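*Asks:* Before anything else, here's the structure in question.
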Amino acid sequence: MPARSSNQLRSTFLEFFEANGHTLRPSSSLVPASFDSSVLLTTAGMHPLKEYFMGLEKPPAARLASCQKCFRTTDIENVGNTARHLPFFELLGNFSLGDYFKEGAIELAWKLSLEGFGFDAEKIWITVFEGDKELGLGPDEEAIAAWAAVGVPRERLILCPRSENFWQVGPTGPCGPCSELYLDRGEQFGSPGDLPGGENDRFLEYWNLVFMEFDQSADGVLAPLPAKNIDTGAGLNRLALIEQEVESVFETDQFAGLMALGRELGSANADVRALRILADHSRAMTFLIADGIVPSNEDRGYILRRVIRRAVLQGQRIGIEGQFLPAFAEQVIDVMGAAYPELVERRKTILEWVRGEEESFGRTLVQGSGLLDELLGAGTLSGEDAFRLHDTFGFPIELTRELADERGVPFTQQDEFDRLMGEQRTRSAVGAGARKVGVSAEAVRAVGGEQARFVGYQSLSARTNVVAVAQEDGRTLVKLADSPFYAEGGGQTADTGSLLAVDGASIGDVIGVIRAGDDQALVVEASNDGLQVGAEVIAEVDAAARHATECNHTATHLLHAALRERLGDHVRQAGSYVGPDKLRFDFNHSARLSDEDRQAVEDQVNARILQSLNVRALTTTMDEAHKLGAMALFGEKYGDIVRMVEIGDGSFSRELCGGTHVARTSEIGCLKIISEGSSAANVRRIEAISGPAAVALLRSNDRLLNDAAQALKTSPDQVPAAVAKLGQGARSSARDAGTAVDEQQLAAAAREIGGAKLLVANVGEVPAKALMDIADRLKAGLGDNAAVIVGSVVEGRVALVVAVTPALVERGVKAGEVVAVAAAVVGGGGGGRDTIAQAGGKDPEKLEEALALAARTVEEALAA
């Protein structure tokens with residue numbers, strides 16, 4: 001009988017549990033749901049079910065099973081060193097939410113291991129939690145007894161410490177003791193003294209049964225969960241290794257083609273570790289991009305960038321020439337696309353990002369490899385050296401450390417590197433404000449009482465009862481039986497309003513609404529003692545603020561659709577803010593919008609507004625919404641039944657959304673984009689206004705135009721020409737003073753740093769007025785992501801000008817701050833706007849030092 005494929009093994013597991021009363025769940029995104037801030041990426045099958053385990057939401061069934069995409073960053077540097085470590089992997093799991101517990105989980109795992117996978121019972125060993133004094137827990141006698149009941153002899157039950165057999169999803173949250181199933185592969189893979197739980201290849205762990213019964217707080221205290229639950233995880237790739245009788249996961253069917261491609265493009269005798277890293281990271285990058293993550297220097301984007309750069313390095317190491325990562329991504333899509341159709345749907349987007357990042361890092365390698373070789377050749381690598389490689393050439397510290405280790409050069413100054421990075425962050429940091437209402441979502445659970453029922457889709461007012469009241473950090477939390485207030489979520493801000501007594505007397509102002517799963521609590525500034533449990537109250541939402549928010553929310557959907565239509569299907573929402581004052585929309589895109597693109601998008605949205613299209617919300621199944629092409633947001637959690645908002649017939653815009661919207665697009669009035677720039681690497685941000693705010697802006701602009709026309713003694717339609725004529729004379733005189741400067745040669749000296757162009761130059765004897773004009777022209781010629789720092793000396797006086805594009809201002813580079821740093825060196829001062837600033841000084845001999853310090857200031861801001 002031929003060995004089963006990974007697809008067949010996946011089916012065997014899921015079909016077994018479906019036959020045993022489990023409801024099958026599709027894999028969730030690698031981006032955790034927005035309520036879970038404990039991890040950057042989904043690391044286990046229970047992550048998407050976390051709210052069920054914590055009792056915050058009711059599960060669709062008491063028994064669930066899934067095959068979940070997972071990514072664990074802790075294994076990145078282990079790839080290739082062992083036969084089994086994979087950062088990206090598929091985790092098969094069965095879950096019981098208050099149904100069966102240890103005995104039932106053990107019986108099911110034993111039965112599937114023997115009857116489904118066909119393992120030899122004599123080769124299966126089990127590890128069990130031995131207890132932990134710090135946790136106040138003893139040995140897991142219940143699990144020991146259950147394993148004995150299915151026939152596992154005591155000599156094959158190994159007690160292991162907390163580090164091995166107590167599982168938790170993160171530093172806080174659901175946790176519990178566990179039992180792991182190991183298969184003895186024989187002494188040829190190790191030695192007679194090996195045991196499960198140790199670092200050896202003889203005993204291969206293939207299934208972990210977690211007995212989830214505790215919730216761990218930040219101070220390490222365990223509290224019982226509302227119900228005892230089961231969370232299990234079986235690695236599909238490890239099961240394939242056993243089934244296909246190969247020595248490593250990299251020889252199984254999902255990896256074989258990638259390993260062969262590496263040898264074909266590189267060398268038949270290529271380094272095995274390099275091939276393994278390239279194969280694994282190709283899978284990881286493909287799935288991460290498919291789930292909406294794009295390369296950047298922060299959080300998930302940094303993990304993706306690190307993975308891609310390691311893959312590029314290993315490919316070059318085995319002799320692959322030219323661009324090669326798209327070919328590996330194509331193979332991953334071909335092999336895995338049947339099980340994960342999102343790979344096929346987003347093939348174009350995946351290839352675009354992979355291609356762009358490989359090209360970008362290729363340039364970085366060329367620029368930084370010389371310095372790295374020089375440093376490693378000297379036999380030492382300091383923390384300052386590593387920081388310079390990171391800061392100037394974009395070498396991740398992990399990559400520098402790895403390269404140094406391969407060359408036998410010790411790197412022992414991680415603390416020094418961390419200190420320099422910390423200083424840089426301190427210099428660049430912008431204080432983040434606390435939450436507006438100052439209350440945690442966890443506090444909602446502490447309020448108690450029945451779950452509030454949201455009635456705000458139907459009405460902005462409700463006569464209802466107070467079911468719970470609590471105090472949290474000086475605020476009053478109130479839970480209503482029926483609440484018309486929308487709780488902050490999905491980018492939309494919470495409603496505000498008031499609570500009234502039935503006689504109309506004011507009880508207090510509602511200043512915020514906190515969401516906890518499907519529940520909510522109002523944050524109230526109470527004006528009297530009418531907030532008593534059981535009291536009848538009238539809850540009223542601020543209608544004007546709600547409607548303004550609805551205008552912006554529907555406009556956001558239209559904007560998303562218009563961007564995708566204009567720029568391509570790779571555009572996906574990467575964050576948003578929808579409030580009564582404005583909308584902010586972050587989306588995946590690598591380049592600045594041209595003036596034509598921006599105008600076309602704005603025109604498209606306004607055309608849909610003028611059509612007065614019907615906006616309706618429908619409740620449907622997730623499967624049906626997917627078939628209809630509804631957009632789902634990465635990082636949001638959806639159940640089997642979803643709320644879908646469609647505009648018109650849905651052909652232009654159809655999104656899964658729990659927010660509030662206008663009834664017809666004409667209510668929006670109009671949309672006006674007020675800014676577009678960079679939010680992060682490969683992420684653009686649009687801010688816009690709609691409705692009354694947009695009308696007010698248009699009227700304000702009309703007044704400014706009329707005022708300008710009066711000042712210039714011309715008509716409003718002739719203002720641009722009059723202004724151009726006025727400035728022409730000033731520019732020509734400034735240009736005459738700077739004719740000796742070869743601006744083309746200066747521009748060619750600009751260097752790439754942190755995804756931007758930086759030009760620093762001493763231009764000789766150029767007057768301050770001409771220097772401003774030169775800097776402005778140089779900035780315009782260097783593109784959307786550029787900073788120009790120029791200085792000159794005339795008659796013993798120093799002149800400095802810093803010009804910065806808006807995209808870099810948004811990344812923290814502000815011309816006024818940079819020029820002030822330089823001016824202090826030459827004994828002067830100055831200032832200006834964020835985009836352009838000038839300064840003077842009286843110490844010409846320190847001009848070069850001042851320019852160098854200004855350049856470092858820009859570099860630090862870009863690297864933050």
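In the structure tokens, each chain is lettered A, B, ... as it comes, each chain's residues begin at 1, and ligands are numbered from 1 in order of appearance.
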Mind checking which residues fall within 6 Å of segment 78-81 of chain A, counting only C-alpha atoms, ignoring those fewer than 2 positions away in the same chain, and posting them as a list in words?
*Replies:* Asp75, Ile76, His85, Leu86, Arg273, Arg276 and Ile277 of chain A
*Asks:* Give me, as JSON lines, each residue of segment 212-299 of chain A that comes within 7 Å of segment 3-10 of chain A, together with its shortest interatomic pair and the distance in Å at one decimal, counting only C-alpha atoms, with rows ordered by chain and rising residue number.
*Replies:*
```
{"residue": "A:Leu236", "atom": "CA", "partner": "A:Ser6", "partner_atom": "CA", "distance": 6.9}
{"residue": "A:Ala240", "atom": "CA", "partner": "A:Ser6", "partner_atom": "CA", "distance": 5.8}
{"residue": "A:Glu243", "atom": "CA", "partner": "A:Ala3", "partner_atom": "CA", "distance": 6.0}
{"residue": "A:Gln244", "atom": "CA", "partner": "A:Ala3", "partner_atom": "CA", "distance": 5.3}
{"residue": "A:Asp253", "atom": "CA", "partner": "A:Ser5", "partner_atom": "CA", "distance": 6.6}
```
*Asks:* Considering only C-alpha atoms, give me a table of residues in segment 579-615 of chain A that are at most 10 Å from segment 676-690 of chain A, with the closest atom pair and distance in Å for each, as a Markdown table.
*Replies:*
```
| residue | atom | partner | partner_atom | distance |
| --- | --- | --- | --- | --- |
| A:Gly579 | CA | A:Ile689 | CA | 9.9 |
| A:Pro580 | CA | A:Ile689 | CA | 9.2 |
| A:Asp581 | CA | A:Ile689 | CA | 7.2 |
| A:Lys582 | CA | A:Ile689 | CA | 4.8 |
| A:Leu583 | CA | A:Ala688 | CA | 5.4 |
| A:Arg584 | CA | A:Glu687 | CA | 4.4 |
| A:Phe585 | CA | A:Ile686 | CA | 5.2 |
| A:Asp586 | CA | A:Arg685 | CA | 4.3 |
| A:Phe587 | CA | A:Arg684 | CA | 5.5 |
| A:Asn588 | CA | A:Val683 | CA | 4.7 |
| A:His589 | CA | A:Asn682 | CA | 5.4 |
| A:Ser590 | CA | A:Asn682 | CA | 4.3 |
| A:Ala591 | CA | A:Asn682 | CA | 7.4 |
| A:Arg592 | CA | A:Gly677 | CA | 6.6 |
| A:Leu593 | CA | A:Glu676 | CA | 7.4 |
| A:Ser594 | CA | A:Glu676 | CA | 9.9 |
| A:Arg598 | CA | A:Glu676 | CA | 8.4 |
| A:Glu602 | CA | A:Ala688 | CA | 9.7 |
| A:Asn606 | CA | A:Ser690 | CA | 10.0 |
```
*Asks:* Contacts of Thr554 of chain A at 12 Å or less, counting only C-alpha atoms, minus same-chain residues fewer than 5 places along, as a short mmCIF file (atom, residue, chain, number, x, y, z; two decimals) with N, CA and C atoms, in the first residue's frame?
*Replies:*
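Writing done, so here's selection_30.cif:
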```
data_model
loop_
_atom_site.label_atom_id
_atom_site.label_comp_id
_atom_site.auth_asym_id
_atom_site.auth_seq_id
_atom_site.Cartn_x
_atom_site.Cartn_y
_atom_site.Cartn_z
N GLN A 492 -14.28 51.42 13.57
CA GLN A 492 -15.28 52.46 13.87
C GLN A 492 -15.23 52.81 15.35
N HIS A 547 -24.48 59.77 12.67
CA HIS A 547 -24.69 59.90 11.22
C HIS A 547 -23.40 60.31 10.52
N ALA A 548 -22.64 61.21 11.12
CA ALA A 548 -21.37 61.61 10.53
C ALA A 548 -20.42 60.41 10.43
N THR A 549 -20.44 59.58 11.46
CA THR A 549 -19.62 58.37 11.45
C THR A 549 -20.09 57.41 10.37
N LEU A 559 -14.23 53.91 -0.88
CA LEU A 559 -12.81 54.22 -1.12
C LEU A 559 -12.00 52.95 -1.33
N HIS A 560 -12.24 51.94 -0.50
CA HIS A 560 -11.55 50.65 -0.63
C HIS A 560 -11.80 50.06 -2.02
N ALA A 561 -13.05 50.06 -2.43
CA ALA A 561 -13.40 49.48 -3.74
C ALA A 561 -12.78 50.28 -4.88
N VAL A 578 -12.56 55.19 11.65
CA VAL A 578 -13.81 55.77 11.16
C VAL A 578 -14.49 56.45 12.34
N GLY A 579 -14.51 57.76 12.31
CA GLY A 579 -15.15 58.54 13.37
C GLY A 579 -16.03 59.61 12.78
N LYS A 582 -13.56 62.32 10.66
CA LYS A 582 -12.85 61.98 9.42
C LYS A 582 -12.78 60.47 9.27
N LEU A 583 -12.18 60.04 8.18
CA LEU A 583 -11.86 58.62 8.00
C LEU A 583 -10.37 58.52 7.66
N VAL A 605 -15.41 57.55 -6.19
CA VAL A 605 -16.21 57.52 -4.97
C VAL A 605 -17.37 58.52 -5.08
N ASN A 606 -17.08 59.72 -5.53
CA ASN A 606 -18.14 60.73 -5.61
C ASN A 606 -19.19 60.38 -6.66
N ARG A 608 -20.22 57.35 -7.24
CA ARG A 608 -21.10 56.38 -6.56
C ARG A 608 -22.00 57.09 -5.54
N ILE A 609 -21.48 58.13 -4.91
CA ILE A 609 -22.30 58.89 -3.96
C ILE A 609 -23.47 59.55 -4.70
N LEU A 613 -26.89 55.14 -4.34
CA LEU A 613 -27.02 53.69 -4.29
C LEU A 613 -27.55 53.23 -2.94
N ASN A 614 -28.35 52.19 -2.97
CA ASN A 614 -28.87 51.60 -1.74
C ASN A 614 -27.74 50.91 -0.99
N VAL A 615 -27.70 51.08 0.33
CA VAL A 615 -26.71 50.39 1.18
C VAL A 615 -27.48 49.48 2.11
N ARG A 616 -27.17 48.20 2.05
CA ARG A 616 -27.92 47.29 2.91
C ARG A 616 -26.99 46.28 3.57
N ALA A 617 -27.40 45.86 4.76
CA ALA A 617 -26.65 44.86 5.51
C ALA A 617 -27.43 43.55 5.49
N VAL A 645 -22.15 43.89 4.26
CA VAL A 645 -22.67 45.18 3.79
C VAL A 645 -22.37 45.32 2.31
N GLU A 646 -23.42 45.51 1.51
CA GLU A 646 -23.21 45.69 0.08
C GLU A 646 -23.81 47.01 -0.37
N ILE A 647 -23.15 47.62 -1.34
CA ILE A 647 -23.57 48.91 -1.87
C ILE A 647 -24.07 48.72 -3.29
N GLY A 648 -25.28 49.20 -3.55
CA GLY A 648 -25.90 48.95 -4.85
C GLY A 648 -26.19 47.47 -5.01
N SER A 653 -18.96 47.09 -4.38
CA SER A 653 -18.49 46.97 -3.00
C SER A 653 -19.35 46.00 -2.22
N ARG A 654 -18.70 45.01 -1.62
CA ARG A 654 -19.37 44.04 -0.76
C ARG A 654 -18.34 43.58 0.28
N GLU A 655 -18.56 43.95 1.53
CA GLU A 655 -17.60 43.65 2.59
C GLU A 655 -18.29 43.05 3.80
N CYS A 657 -18.83 43.27 7.52
CA CYS A 657 -18.71 44.46 8.37
C CYS A 657 -19.79 44.47 9.44
N GLY A 658 -19.40 44.76 10.66
CA GLY A 658 -20.36 44.88 11.75
C GLY A 658 -20.69 46.30 12.10
N GLY A 659 -20.17 47.27 11.31
CA GLY A 659 -20.35 48.68 11.62
C GLY A 659 -21.68 49.24 11.15
N THR A 660 -21.86 50.52 11.39
CA THR A 660 -23.11 51.19 11.00
C THR A 660 -22.88 52.02 9.74
N HIS A 661 -23.93 52.13 8.93
CA HIS A 661 -23.80 52.76 7.61
C HIS A 661 -25.04 53.59 7.29
N VAL A 662 -24.89 54.46 6.29
CA VAL A 662 -26.03 55.23 5.80
C VAL A 662 -26.95 54.29 5.02
N ALA A 663 -28.17 54.75 4.76
CA ALA A 663 -29.12 53.94 4.01
C ALA A 663 -28.90 54.08 2.51
N ARG A 664 -28.48 55.26 2.06
CA ARG A 664 -28.19 55.49 0.65
C ARG A 664 -26.90 56.32 0.55
N THR A 665 -26.14 56.09 -0.50
CA THR A 665 -24.85 56.79 -0.62
C THR A 665 -25.00 58.29 -0.74
N SER A 666 -26.15 58.75 -1.23
CA SER A 666 -26.35 60.20 -1.39
C SER A 666 -26.30 60.94 -0.05
N GLU A 667 -26.55 60.23 1.05
CA GLU A 667 -26.48 60.86 2.37
C GLU A 667 -25.06 61.35 2.68
N ILE A 668 -24.07 60.78 2.03
CA ILE A 668 -22.68 61.15 2.30
C ILE A 668 -22.40 62.56 1.79
N GLY A 669 -23.06 62.96 0.76
CA GLY A 669 -22.85 64.29 0.18
C GLY A 669 -21.69 64.29 -0.79
N CYS A 670 -20.48 64.21 -0.27
CA CYS A 670 -19.30 64.11 -1.11
C CYS A 670 -18.13 63.63 -0.27
N LEU A 671 -17.07 63.20 -0.92
CA LEU A 671 -15.85 62.79 -0.23
C LEU A 671 -14.69 63.63 -0.76
N ILE A 689 -12.39 63.31 4.36
CA ILE A 689 -13.58 63.77 5.07
C ILE A 689 -14.78 63.64 4.14
N SER A 690 -15.95 63.56 4.74
CA SER A 690 -17.16 63.44 3.93
C SER A 690 -18.28 64.20 4.61
N GLY A 691 -19.43 64.25 3.96
CA GLY A 691 -20.60 64.86 4.56
C GLY A 691 -20.39 66.32 4.88
#
```
*Asks:* Take atom CA of Leu628 of chain A and atom CA of Arg566 of chain A and report the distance between them in Å, one decimal.
*Replies:*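 Straight-line distance from atom CA of Leu628 of chain A to atom CA of Arg566 of chain A works out to 20.9 Å.
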*Asks:* Report, in Å to a single decimal, how far apart atom CA of Trp353 of chain A and atom CA of Gly322 of chain A are.
*Replies:* 16.6 Å
*Asks:* As number ranges by chain, please: every residue in segment 579-821 of chain A that a backbone DSSP assignment puts in strand (DSSP E or B).
*Replies:* A: 583-588, 614-621, 631, 641-647, 653-656, 664, 671-680, 683-690, 751-753, 756-762, 786-794, 797-804
*Asks:* Which of these residues is nearest to Ile124 of chain A, using only C-alpha atoms: A:Tyr182, A:Phe255, A:Phe250, A:Phe16?
*Replies:*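 Smallest distance to Ile124 of chain A is found for A:Tyr182.
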*Asks:* Write out as a PyMOL selection string all residues of segment 235-375 of chain A that backbone DSSP assigns to helix (DSSP H, G or I).
*Replies:* chain A and resi 236-243+249-251+253-265+272-290+299-317+325-336+341-345+347-375
*Asks:* Could you tell me which of A:Lys725, A:Arg305, A:Arg856, A:His557 comes closest to Phe361 of chain A if we count only C-alpha atoms?
*Replies:*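 Using only C-alpha atoms, the shortest distance to Phe361 of chain A belongs to A:Arg305.
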*Asks:* What does the distance between atom CA of Val31 of chain A and atom CA of His47 of chain A come to in Å, to one decimal place?
*Replies:*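 Between atom CA of Val31 of chain A and atom CA of His47 of chain A the gap works out to 10.2 Å.
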*Asks:* So that I can check the surroundings of Ile333 of chain A, please list as JSON, numbers by chain every protein, DNA and RNA residue that reaches within 7 Å of it, counting only C-alpha atoms and ignoring chain neighbours fewer than 4 positions away.
*Replies:* {"A": [329, 337, 343, 344]}
*Asks:* Could you please take those selected residues and save C-alpha atoms as a PDB file, in the first residue's frame?
*Replies:*
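Saved as selection-v5.pdb:
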```pdb
ATOM      1  CA  ALA A 329       6.405  30.916  -4.429  1.00  0.00           C
ATOM      2  CA  GLY A 337      -3.395  25.820  -3.437  1.00  0.00           C
ATOM      3  CA  LEU A 343      -2.989  31.185  -2.350  1.00  0.00           C
ATOM      4  CA  VAL A 344      -4.412  30.817  -5.856  1.00  0.00           C
TER       5      VAL A 344
END
```
*Asks:* As a PyMOL selection string, please: the residues near Gly98 of chain A (cut-off 9 Å, only C-alpha atoms, same-chain neighbours under 5 positions excluded).
*Replies:* chain A and resi 53+62-63+226-230
*Asks:* Have a look at A:Glu251, A:Glu488, A:Asp503, A:Glu384 and name the one nearest to Gly517 of chain A; count only C-alpha atoms.
*Replies:* A:Glu488
*Asks:* Which residues are near segment 448-461 of chain A? Cut-off 10 Å, only C-alpha atoms, ignore same chain within fewer than 5 positions. Put them as a PyMOL selection string.
*Replies:* chain A and resi 56+443+466-470+478-487+495+497-499+516+518-521+533+538-543+546+617+658-661
*Asks:* Write a file of the selected residues as a short mmCIF file (atom, residue, chain, number, x, y, z; two decimals), in the first residue's frame, keeping N, CA, C and O atoms.
*Replies:*
```cif
data_model
loop_
_atom_site.label_atom_id
_atom_site.label_comp_id
_atom_site.auth_asym_id
_atom_site.auth_seq_id
_atom_site.Cartn_x
_atom_site.Cartn_y
_atom_site.Cartn_z
N LEU A 56 -15.88 34.01 26.76
CA LEU A 56 -16.36 35.32 26.32
C LEU A 56 -17.40 35.20 25.22
O LEU A 56 -18.21 36.11 25.04
N ALA A 443 -12.19 44.66 31.69
CA ALA A 443 -13.04 45.17 32.77
C ALA A 443 -14.51 44.85 32.52
O ALA A 443 -15.30 44.76 33.46
N VAL A 466 -30.88 48.78 33.65
CA VAL A 466 -29.49 48.61 34.04
C VAL A 466 -29.34 47.21 34.65
O VAL A 466 -30.07 46.87 35.59
N VAL A 467 -28.42 46.41 34.11
CA VAL A 467 -28.25 45.05 34.63
C VAL A 467 -26.98 44.91 35.47
O VAL A 467 -26.83 43.94 36.22
N ALA A 468 -26.06 45.86 35.34
CA ALA A 468 -24.84 45.79 36.17
C ALA A 468 -24.16 47.15 36.18
O ALA A 468 -24.22 47.90 35.20
N VAL A 469 -23.52 47.46 37.30
CA VAL A 469 -22.77 48.70 37.46
C VAL A 469 -21.47 48.37 38.20
O VAL A 469 -21.47 47.58 39.14
N ALA A 470 -20.36 48.96 37.75
CA ALA A 470 -19.08 48.75 38.42
C ALA A 470 -18.21 49.97 38.25
O ALA A 470 -18.45 50.81 37.36
N VAL A 478 -21.34 50.66 32.99
CA VAL A 478 -22.75 50.31 33.07
C VAL A 478 -23.09 49.32 31.97
O VAL A 478 -22.71 49.52 30.81
N LYS A 479 -23.78 48.27 32.34
CA LYS A 479 -24.24 47.31 31.34
C LYS A 479 -25.76 47.40 31.28
O LYS A 479 -26.46 47.34 32.30
N LEU A 480 -26.29 47.57 30.06
CA LEU A 480 -27.74 47.65 29.84
C LEU A 480 -28.27 46.36 29.26
O LEU A 480 -27.54 45.63 28.57
N ALA A 481 -29.53 46.09 29.52
CA ALA A 481 -30.15 44.90 28.91
C ALA A 481 -30.18 45.06 27.41
O ALA A 481 -29.79 44.16 26.66
N ASP A 482 -30.64 46.23 26.92
CA ASP A 482 -30.64 46.56 25.51
C ASP A 482 -29.85 47.86 25.33
O ASP A 482 -30.13 48.85 26.00
N SER A 483 -28.88 47.85 24.40
CA SER A 483 -28.05 49.04 24.21
C SER A 483 -28.07 49.49 22.76
O SER A 483 -27.76 48.70 21.85
N PRO A 484 -28.39 50.76 22.51
CA PRO A 484 -28.32 51.28 21.14
C PRO A 484 -26.92 51.78 20.79
O PRO A 484 -26.69 52.24 19.67
N PHE A 485 -25.99 51.73 21.75
CA PHE A 485 -24.65 52.28 21.55
C PHE A 485 -23.74 51.28 20.85
O PHE A 485 -23.61 50.13 21.29
N TYR A 486 -23.08 51.73 19.77
CA TYR A 486 -22.13 50.90 19.06
C TYR A 486 -20.82 50.89 19.84
O TYR A 486 -20.28 51.94 20.20
N ALA A 487 -20.28 49.69 20.10
CA ALA A 487 -19.00 49.56 20.80
C ALA A 487 -17.86 49.63 19.79
O ALA A 487 -17.97 49.09 18.68
N ASP A 495 -19.95 54.92 19.87
CA ASP A 495 -20.95 55.97 19.99
C ASP A 495 -20.77 56.73 21.30
O ASP A 495 -20.22 56.21 22.28
N GLY A 497 -23.24 59.61 23.84
CA GLY A 497 -24.64 59.99 24.03
C GLY A 497 -24.94 60.21 25.48
O GLY A 497 -24.10 60.72 26.23
N SER A 498 -26.12 59.80 25.91
CA SER A 498 -26.53 60.08 27.29
C SER A 498 -27.47 59.01 27.82
O SER A 498 -28.10 58.26 27.06
N LEU A 499 -27.52 58.94 29.15
CA LEU A 499 -28.50 58.11 29.85
C LEU A 499 -29.45 59.04 30.58
O LEU A 499 -29.01 59.98 31.27
N ALA A 516 -16.26 43.50 24.53
CA ALA A 516 -15.60 42.27 24.98
C ALA A 516 -16.33 41.11 24.33
O ALA A 516 -17.36 40.65 24.81
N ASP A 518 -18.93 39.52 22.21
CA ASP A 518 -20.25 40.00 21.80
C ASP A 518 -20.90 40.88 22.87
O ASP A 518 -22.02 41.35 22.70
N ASP A 519 -20.19 41.08 23.97
CA ASP A 519 -20.73 41.85 25.08
C ASP A 519 -20.17 43.28 25.03
O ASP A 519 -19.23 43.57 24.29
N GLN A 520 -20.77 44.17 25.81
CA GLN A 520 -20.30 45.55 25.87
C GLN A 520 -20.67 46.17 27.20
O GLN A 520 -21.54 45.69 27.93
N ALA A 521 -19.97 47.26 27.54
CA ALA A 521 -20.32 48.06 28.71
C ALA A 521 -20.11 49.53 28.35
O ALA A 521 -19.18 49.88 27.62
N VAL A 533 -28.68 49.00 39.78
CA VAL A 533 -29.07 47.77 39.08
C VAL A 533 -30.59 47.64 39.14
O VAL A 533 -31.21 47.79 40.20
N ILE A 538 -33.46 55.57 29.89
CA ILE A 538 -33.56 55.79 28.45
C ILE A 538 -32.15 56.06 27.93
O ILE A 538 -31.47 56.98 28.41
N ALA A 539 -31.70 55.22 27.02
CA ALA A 539 -30.36 55.35 26.44
C ALA A 539 -30.48 56.03 25.08
O ALA A 539 -31.21 55.54 24.21
N GLU A 540 -29.77 57.15 24.91
CA GLU A 540 -29.88 57.90 23.66
C GLU A 540 -28.49 58.14 23.06
O GLU A 540 -27.59 58.68 23.71
N VAL A 541 -28.36 57.74 21.79
CA VAL A 541 -27.11 57.95 21.06
C VAL A 541 -27.10 59.35 20.48
O VAL A 541 -28.15 59.86 20.05
N ASP A 542 -25.94 59.98 20.46
CA ASP A 542 -25.77 61.28 19.79
C ASP A 542 -26.00 61.07 18.30
O ASP A 542 -25.16 60.54 17.59
N ALA A 543 -27.17 61.49 17.81
CA ALA A 543 -27.58 61.18 16.43
C ALA A 543 -26.69 61.85 15.40
O ALA A 543 -26.35 61.24 14.37
N ARG A 546 -23.36 59.99 15.26
CA ARG A 546 -23.55 58.66 14.64
C ARG A 546 -23.68 58.81 13.13
O ARG A 546 -23.07 58.05 12.37
N ALA A 617 -27.40 45.86 4.76
CA ALA A 617 -26.65 44.86 5.51
C ALA A 617 -27.43 43.55 5.49
O ALA A 617 -28.64 43.52 5.74
N GLY A 658 -19.40 44.76 10.66
CA GLY A 658 -20.36 44.88 11.75
C GLY A 658 -20.69 46.30 12.10
O GLY A 658 -21.40 46.56 13.07
N GLY A 659 -20.17 47.27 11.31
CA GLY A 659 -20.35 48.68 11.62
C GLY A 659 -21.68 49.24 11.15
O GLY A 659 -22.52 48.54 10.58
N THR A 660 -21.86 50.52 11.39
CA THR A 660 -23.11 51.19 11.00
C THR A 660 -22.88 52.02 9.74
O THR A 660 -21.79 52.55 9.53
N HIS A 661 -23.93 52.13 8.93
CA HIS A 661 -23.80 52.76 7.61
C HIS A 661 -25.04 53.59 7.29
O HIS A 661 -26.11 53.41 7.90
#
```
*Asks:* Please list as a CSV table (one decimal) with C-alpha atoms, in the first residue's frame every residue within 9 Å of Val821 of chain A, counting only C-alpha atoms and excluding residues in the same chain fewer than 4 positions away.
*Replies:*
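Contents of around_31.csv, as written:
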```csv
chain,number,residue,atom,x,y,z
A,816,GLY,CA,12.6,71.8,11.4
A,817,GLU,CA,14.0,69.3,13.9
A,825,VAL,CA,26.8,72.7,15.7
A,829,GLY,CA,19.6,78.7,14.9
A,850,ALA,CA,26.8,69.8,11.1
A,853,LEU,CA,25.0,65.1,12.3
A,854,ALA,CA,21.9,66.2,10.4
A,857,THR,CA,19.4,62.4,12.6
```
